[in-house]
Structure formats: C-alpha cells, structure tokens
$ cat work.tsv   # TSV, C-alpha atoms and all ligand atoms
chain	number	residue	atom	x	y	z
P	1	MET	CA	47.08	95.57	71.59
P	2	LYS	CA	44.71	94.13	68.97
P	3	LYS	CA	45.67	90.65	67.82
P	4	PHE	CA	45.85	90.03	64.10
P	5	TYR	CA	45.37	86.47	62.90
P	6	SER	CA	47.42	84.74	60.27
P	7	ILE	CA	47.11	81.54	58.26
P	8	ALA	CA	50.23	80.26	56.47
P	9	ILE	CA	49.80	77.97	53.46
P	10	ASP	CA	52.93	76.45	51.95
P	11	GLY	CA	53.49	73.72	49.43
P	12	PRO	CA	54.90	72.85	46.01
P	13	ALA	CA	53.96	74.53	42.74
P	14	ALA	CA	50.37	74.04	41.53
P	15	SER	CA	49.22	72.29	44.71
P	16	GLY	CA	46.18	74.58	44.70
P	17	LYS	CA	47.49	76.85	47.46
P	18	SER	CA	46.51	80.15	45.93
P	19	THR	CA	42.96	79.16	44.98
P	20	ALA	CA	42.37	77.71	48.44
P	21	ALA	CA	44.05	80.68	50.16
P	22	LYS	CA	41.94	83.17	48.19
P	23	GLY	CA	38.75	81.29	49.09
P	24	VAL	CA	39.66	81.10	52.78
P	25	ALA	CA	40.56	84.80	52.86
P	26	LYS	CA	37.24	85.71	51.24
P	27	ARG	CA	35.21	83.63	53.69
P	28	LEU	CA	37.03	84.96	56.78
P	29	HIS	CA	37.41	88.54	55.43
P	30	PHE	CA	41.20	88.29	55.72
P	31	LEU	CA	43.69	89.89	53.34
P	32	TYR	CA	45.14	87.37	50.89
P	33	ILE	CA	48.86	87.78	50.15
P	34	ASP	CA	50.35	85.84	47.26
P	35	THR	CA	54.09	85.83	48.03
P	36	GLY	CA	54.86	83.87	44.84
P	37	ALA	CA	53.53	86.86	42.88
P	38	MET	CA	56.05	89.07	44.71
P	39	TYR	CA	58.98	86.83	43.67
P	40	ARG	CA	57.54	86.75	40.15
P	41	ALA	CA	57.26	90.56	40.04
P	42	PHE	CA	60.87	90.89	41.13
P	43	THR	CA	61.94	88.40	38.44
P	44	TYR	CA	59.97	90.37	35.85
P	45	HIS	CA	61.74	93.53	37.05
P	46	MET	CA	65.14	91.87	36.50
P	47	LEU	CA	64.19	90.68	33.02
P	48	GLU	CA	62.78	94.04	31.92
P	49	ASN	CA	66.10	95.59	32.96
P	50	ASN	CA	68.04	92.97	30.97
P	51	LEU	CA	69.57	91.57	34.15
P	52	GLU	CA	70.53	87.94	34.75
P	53	PRO	CA	68.17	86.25	37.29
P	54	LYS	CA	70.93	83.83	38.33
P	55	SER	CA	73.21	86.73	39.37
P	56	GLU	CA	72.81	88.02	42.92
P	57	GLU	CA	74.99	91.02	42.04
P	58	ASP	CA	72.48	91.97	39.34
P	59	ALA	CA	69.55	91.40	41.73
P	60	LYS	CA	71.11	93.64	44.36
P	61	THR	CA	71.11	96.65	42.03
P	62	LEU	CA	67.29	96.69	42.06
P	63	LEU	CA	66.61	96.01	45.74
P	64	PRO	CA	67.11	99.49	47.31
P	65	SER	CA	64.41	101.15	45.20
P	66	LEU	CA	62.03	98.16	45.10
P	67	SER	CA	58.37	98.67	46.03
P	68	LEU	CA	55.87	95.79	45.87
P	69	LYS	CA	52.21	96.08	46.83
P	70	GLU	CA	49.20	93.78	46.59
P	71	ASP	CA	45.61	94.97	46.77
P	72	LYS	CA	42.43	93.25	47.91
P	73	GLU	CA	41.52	92.41	44.30
P	74	GLY	CA	44.68	90.32	43.95
P	75	HIS	CA	46.63	92.76	41.76
P	76	ILE	CA	50.35	93.17	42.23
P	77	TYR	CA	52.11	96.50	41.76
P	78	LEU	CA	55.81	96.81	41.01
P	79	ASN	CA	57.09	100.31	41.74
P	80	GLY	CA	53.51	101.56	41.29
P	81	LYS	CA	52.76	99.72	38.02
P	82	ASP	CA	50.19	96.90	37.83
P	83	VAL	CA	52.16	93.85	36.57
P	84	SER	CA	49.55	91.18	37.45
P	85	SER	CA	49.45	89.66	33.96
P	86	GLU	CA	53.17	90.13	33.16
P	87	VAL	CA	54.18	88.03	36.20
P	88	ARG	CA	52.37	84.97	34.75
P	89	SER	CA	54.43	84.88	31.53
P	90	LEU	CA	56.41	81.79	30.61
P	91	GLU	CA	59.67	83.77	30.73
P	92	VAL	CA	59.02	84.80	34.33
P	93	THR	CA	57.92	81.26	35.28
P	94	ASN	CA	61.12	79.83	33.80
P	95	ASN	CA	63.38	82.23	35.71
P	96	VAL	CA	61.69	82.83	39.06
P	97	SER	CA	63.31	79.86	40.83
P	98	TYR	CA	66.73	81.46	40.20
P	99	ALA	CA	65.88	85.04	41.20
P	100	CYS	CA	64.10	83.96	44.39
P	101	ALA	CA	67.01	81.84	45.62
P	102	HIS	CA	69.30	84.81	46.46
P	103	LEU	CA	69.59	85.58	50.17
P	104	SER	CA	69.44	89.36	49.65
P	105	VAL	CA	66.23	89.03	47.62
P	106	ARG	CA	64.64	86.78	50.22
P	107	GLU	CA	65.56	89.09	53.11
P	108	LYS	CA	64.01	92.09	51.36
P	109	LEU	CA	60.78	90.31	50.34
P	110	VAL	CA	60.35	88.55	53.70
P	111	ALA	CA	60.61	91.95	55.46
P	112	LEU	CA	57.90	93.37	53.17
P	113	GLN	CA	55.67	90.33	53.80
P	114	GLN	CA	56.09	90.55	57.57
P	115	GLU	CA	55.20	94.25	57.45
P	116	MET	CA	51.97	93.45	55.56
P	117	ALA	CA	50.87	90.96	58.25
P	118	LYS	CA	51.44	93.42	61.12
P	119	SER	CA	48.23	95.36	60.75
P	120	GLU	CA	45.79	92.94	59.02
P	121	ASN	CA	44.40	89.45	59.45
P	122	VAL	CA	46.08	87.57	56.60
P	123	VAL	CA	46.13	84.37	54.64
P	124	MET	CA	49.58	84.16	53.08
P	125	ASP	CA	50.74	81.47	50.68
P	126	GLY	CA	54.20	80.56	49.47
P	127	ARG	CA	57.06	78.19	50.26
P	128	ASP	CA	58.51	79.53	53.53
P	129	ILE	CA	55.58	81.24	55.24
P	130	GLY	CA	55.24	78.80	58.16
P	131	THR	CA	59.01	78.33	58.52
P	132	VAL	CA	60.42	81.85	58.01
P	133	VAL	CA	57.92	84.63	57.28
P	134	LEU	CA	55.27	83.95	59.94
P	135	PRO	CA	56.71	81.38	62.36
P	136	GLU	CA	54.02	82.40	64.88
P	137	ALA	CA	51.10	81.92	62.43
P	138	ASP	CA	47.87	80.77	64.10
P	139	LEU	CA	47.48	77.96	61.58
P	140	LYS	CA	50.08	76.43	59.25
P	141	ILE	CA	49.02	74.27	56.34
P	142	TYR	CA	51.43	72.35	54.13
P	143	GLN	CA	49.40	71.59	51.05
P	144	ILE	CA	50.46	68.75	48.79
P	145	ALA	CA	49.04	66.89	45.79
P	146	SER	CA	50.53	64.23	43.52
P	147	VAL	CA	52.59	65.56	40.63
P	148	ASP	CA	50.00	64.12	38.21
P	149	ALA	CA	47.12	65.90	39.93
P	150	ARG	CA	49.12	69.14	39.92
P	151	ALA	CA	50.16	68.81	36.27
P	152	LYS	CA	46.54	68.14	35.27
P	153	ARG	CA	45.29	71.23	37.15
P	154	ARG	CA	47.96	73.47	35.59
P	155	CYS	CA	47.32	71.99	32.14
P	156	ASP	CA	43.54	72.64	32.38
P	157	GLU	CA	44.29	76.21	33.52
P	158	PHE	CA	46.62	76.91	30.55
P	159	VAL	CA	44.32	75.28	28.00
P	160	SER	CA	41.38	77.36	29.27
P	161	GLN	CA	43.55	80.45	28.65
P	162	GLY	CA	44.11	79.26	25.06
P	163	LEU	CA	47.80	78.47	25.65
P	164	LYS	CA	49.46	75.61	23.75
P	165	VAL	CA	51.20	73.33	26.24
P	166	THR	CA	51.45	69.59	26.68
P	167	TYR	CA	50.74	67.72	29.89
P	168	GLU	CA	54.24	66.20	29.82
P	169	GLU	CA	55.95	69.62	29.45
P	170	ILE	CA	54.02	70.94	32.44
P	171	LYS	CA	54.78	67.88	34.53
P	172	GLN	CA	58.52	68.12	33.80
P	173	ASP	CA	58.51	71.85	34.60
P	174	LEU	CA	56.79	71.20	37.97
P	175	ILE	CA	59.33	68.50	38.82
P	176	ARG	CA	62.18	70.88	37.88
P	177	ARG	CA	60.79	73.77	39.98
P	178	ASP	CA	60.00	71.56	42.99
P	179	TYR	CA	63.57	70.30	42.90
P	180	ILE	CA	65.13	73.78	42.76
P	181	ASP	CA	62.73	75.19	45.42
P	182	SER	CA	63.34	72.35	47.88
P	183	HIS	CA	67.11	72.08	47.38
P	184	ARG	CA	68.11	75.74	47.51
P	185	GLU	CA	70.37	76.94	50.31
P	186	HIS	CA	68.11	79.69	51.71
P	187	SER	CA	64.57	78.96	52.98
P	188	PRO	CA	64.03	75.76	51.00
P	189	LEU	CA	60.51	74.44	50.54
P	190	LYS	CA	59.69	72.19	53.51
P	191	PRO	CA	56.86	71.83	56.02
P	192	ALA	CA	57.17	73.69	59.33
P	193	ALA	CA	57.46	71.29	62.27
P	194	ASP	CA	53.98	72.34	63.45
P	195	ALA	CA	52.30	72.42	60.02
P	196	ILE	CA	49.28	70.30	59.21
P	197	VAL	CA	49.80	68.38	55.97
P	198	LEU	CA	46.78	68.52	53.67
P	199	ASP	CA	46.79	66.20	50.64
P	200	THR	CA	44.43	67.73	48.10
P	201	SER	CA	44.97	65.22	45.25
P	202	PHE	CA	41.36	64.09	45.48
P	203	MET	CA	39.74	67.19	46.95
P	204	SER	CA	37.68	69.85	45.20
P	205	ILE	CA	38.50	73.50	45.85
P	206	GLU	CA	35.39	73.85	48.03
P	207	GLU	CA	36.49	70.86	50.13
P	208	GLU	CA	39.98	72.37	50.54
P	209	ILE	CA	38.56	75.72	51.68
P	210	GLU	CA	36.15	74.03	54.08
P	211	ALA	CA	38.92	71.85	55.54
P	212	ILE	CA	41.22	74.83	56.17
P	213	ILE	CA	38.46	76.92	57.76
P	214	LYS	CA	37.50	74.02	60.05
P	215	LEU	CA	41.14	73.62	61.09
P	216	PHE	CA	41.38	77.37	61.76
P	217	TYR	CA	38.30	77.36	64.01
P	218	LYS	CA	39.54	74.25	65.78
P	219	LYS	CA	42.94	75.84	66.38
P	220	VAL	CA	41.89	79.31	67.56
P	221	GLY	CA	38.39	78.43	68.80
P	222	ASP	CA	36.94	80.83	71.37
P	223	LEU	CA	39.74	83.33	70.93
P	224	TRP	CA	38.53	84.07	67.40
P	225	ASN	CA	34.82	84.04	68.32
P	226	ASN	CA	35.43	86.71	70.96
P	227	THR	CA	37.51	88.92	68.68
P	228	GLU	CA	36.12	92.25	67.58
P	229	LYS	CA	35.77	91.91	63.77
L	301	LIG	O1	53.68	80.06	43.91
L	301	LIG	P1	54.35	80.48	42.60
L	301	LIG	O2	54.51	79.36	41.61
L	301	LIG	O3	53.73	81.69	41.99
L	301	LIG	O4	55.84	80.90	43.05
L	301	LIG	C1	56.77	81.36	42.13
L	301	LIG	C2	58.18	81.01	42.61
L	301	LIG	O5	58.51	81.77	43.76
L	301	LIG	C3	58.42	79.55	42.93
L	301	LIG	O6	59.44	79.02	42.11
L	301	LIG	C4	58.88	79.53	44.36
L	301	LIG	C5	59.12	80.95	44.73
L	301	LIG	N1	58.58	81.29	46.05
L	301	LIG	C6	59.43	81.25	47.11
L	301	LIG	O7	60.59	80.90	46.96
L	301	LIG	N2	58.98	81.62	48.33
L	301	LIG	C7	57.72	82.01	48.51
L	301	LIG	N3	57.30	82.38	49.72
L	301	LIG	C8	56.81	82.04	47.42
L	301	LIG	C9	57.28	81.64	46.19
$ encode --input "work.tsv" --output "structure tokens"
Amino acid sequence: MKKFYSIAIDGPAASGKSTAAKGVAKRLHFLYIDTGAMYRAFTYHMLENNLEPKSEEDAKTLLPSLSLKEDKEGHIYLNGKDVSSEVRSLEVTNNVSYACAHLSVREKLVALQQEMAKSENVVMDGRDIGTVVLPEADLKIYQIASVDARAKRRCDEFVSQGLKVTYEEIKQDLIRRDYIDSHREHSPLKPAADAIVLDTSFMSIEEEIEAIIKLFYKKVGDLWNNTEK
C-alpha cells in the first residue's frame, strides 16, 4: 500500500503556523489543510443560524448535515458554499474558542481531518494535530513565538487589510484565546511528547519554512527520496 506522508504543525494563535505550513506544502507538493478554518467555518455556521456557540446542544443540531471541504487554493467550503472570507470576521474570531471546545464538534471535525489525510501527503496545522488527529505523523512541529511577536504579526496583518485595531487589543485577545484553547477539557493545546519545538520569534517566514523542510528530510530521509512522487 502506498505510504502517504504527513507533517503536523501545532501551536498557539498567530505563531505563524499557517504561513509556514502553506509554504512547506507548496515546496513539497503536499496538500495544506487549515483545521482552524474548519472550526471557524463551523462557528460561522452556528452564528448564521442564530445558535449559541457556547451551547453543545445547539452545535449538535448542525453536525449530522455538516460538510466541510478545503481545496488546493486554500478556500474553505461549508455545505458547498465558499466561506473563506466570512470565517475571518471578528465575530467568528470572538466565538470560535467556544464552538470548538465541544466534544461532539471535535469528534466530527477530527474524523473529517483524518479522512483527508488518508489519500494525500498533507501538511496540517492546528492545535491537536500531533496529539489527536495524526498521532502517527512523520514530523510534528510545535511552533511558538512570544506573545509580543505574535501580536505584532497579527497587528501588521490587520492594518494591511485596512482594519482599525490596536496592538494592545490584539495582544489581550491572543492571551484570552491561548488560555481558553490550552485549558479546555477536550484536546487542549499542548505539544505532543515527540514534537519538535520551534521558536519563531526571531525567524522570517522563509527561515521557518526552510527549518521545517530540513527537519522533514532529516526525519524521513531515504524513505522519502525513494518514494514515487
Ligand atoms: O488557527 P486559528 O486561529 O484559525 O484557529 C481558530 C480556533 O480554532 C482557535 O481558537 C483554536 C481552534 N482550533 C482547535 O481547537 N483545534 C484545531 N485543530 C485548530 C483550531
């Protein structure tokens, strides 16, 4: 049976995971899967149906008919509709930590994520990829950066989009989300025992990508070189 390779990248909000993961996926010709976008899309779905993200009972009403797909261009589709820009709204960002904490939501989305990795080489980023979604991943990275470095990156991103936000607001929001994500009961944010911790506070995106690719080659070595691509 053909082996499919997987790279798991976990870490706190705005640690640069998705930019690095996208770059690594592009260089290795792997599929990039943004699991945060899936939790965001589900949160958007709850809000558009006037449901309460903190209520698991409400969440459960949407799970049976839920379909989430990501394409190679990085778009996310909720029940067939492209919601890539909607999932980045402030309202979704403010509520996603609640919707994603329910066990039933996590079980459904983890199953979808595992299915996606069955037939493709993938780079997947999130909070529980190395610990829960792909415990057998070929390489696990736990990407961190100081809260100041992360707040600055997010602030620059928002300002370049013309959004009015202050550095302090962003920093407080990151601290709040990190706390909720790492203290929740189900699949809290934490490094897998065999993850390699990568501190990117003083690294450029190119350096991050390069470092992850080097670690991947070091880890899988000849196995990868002899794989039919
Ligand atoms: O990476 P992000 O900021 O887009 O993630 C949005 C939220 O989803 C974040 O609060 C944590 C949650 N999340 C999660 O619980 N598990 C994942 N695998 C990915 C994201």
$ closest_atom_pairs --input "work.tsv" --of "chain P" --to "ligand LIG 301 (chain L)" --cutoff "7 Å" --atoms "only C-alpha atoms and all ligand atoms" --output "JSON lines"
{"residue": "P:Ala13", "atom": "CA", "partner": "L:LIG301", "partner_atom": "O2", "distance": 5.0}
{"residue": "P:Ala14", "atom": "CA", "partner": "L:LIG301", "partner_atom": "O2", "distance": 6.7}
{"residue": "P:Thr35", "atom": "CA", "partner": "L:LIG301", "partner_atom": "C8", "distance": 4.7}
{"residue": "P:Gly36", "atom": "CA", "partner": "L:LIG301", "partner_atom": "C9", "distance": 3.6}
{"residue": "P:Ala37", "atom": "CA", "partner": "L:LIG301", "partner_atom": "O3", "distance": 5.2}
{"residue": "P:Tyr39", "atom": "CA", "partner": "L:LIG301", "partner_atom": "O5", "distance": 5.1}
{"residue": "P:Arg40", "atom": "CA", "partner": "L:LIG301", "partner_atom": "C1", "distance": 5.8}
{"residue": "P:Thr93", "atom": "CA", "partner": "L:LIG301", "partner_atom": "C1", "distance": 6.9}
{"residue": "P:Val96", "atom": "CA", "partner": "L:LIG301", "partner_atom": "C2", "distance": 5.3}
{"residue": "P:Ser97", "atom": "CA", "partner": "L:LIG301", "partner_atom": "O6", "distance": 4.2}
{"residue": "P:Cys100", "atom": "CA", "partner": "L:LIG301", "partner_atom": "O7", "distance": 5.3}
{"residue": "P:Ala101", "atom": "CA", "partner": "L:LIG301", "partner_atom": "O7", "distance": 6.6}
{"residue": "P:Asp125", "atom": "CA", "partner": "L:LIG301", "partner_atom": "N3", "distance": 6.7}
{"residue": "P:Gly126", "atom": "CA", "partner": "L:LIG301", "partner_atom": "N3", "distance": 3.6}
{"residue": "P:Arg127", "atom": "CA", "partner": "L:LIG301", "partner_atom": "N3", "distance": 4.2}
{"residue": "P:Asp128", "atom": "CA", "partner": "L:LIG301", "partner_atom": "N3", "distance": 4.9}
{"residue": "P:Ile129", "atom": "CA", "partner": "L:LIG301", "partner_atom": "N3", "distance": 5.9}
{"residue": "P:Arg177", "atom": "CA", "partner": "L:LIG301", "partner_atom": "O6", "distance": 5.8}
{"residue": "P:Asp181", "atom": "CA", "partner": "L:LIG301", "partner_atom": "C4", "distance": 5.9}
$ atom_distance --input "work.tsv" --atom1 "CA of Ala117 (chain P)" --atom2 "CA of Lys22 (chain P)"
15.5 Å
$ residues_around --input "work.tsv" --residues "Pro53 (chain P)" --least-positions-apart "4" --cutoff "10 Å" --atoms "all atoms listed in the file" --output "ChimeraX atom specification"
/P:42-47,57-59,92,95-102
$ closest_residue --input "work.tsv" --among "P:Asp178, P:Glu86, P:Glu107, P:Glu115" --to "Ile33 (chain P)" --atoms "all atoms listed in the file"
P:Glu115
$ closest_residue --input "work.tsv" --among "P:Lys26, P:Lys118, P:Lys108, P:Arg176" --to "Ala137 (chain P)" --atoms "all atoms listed in the file"
P:Lys118
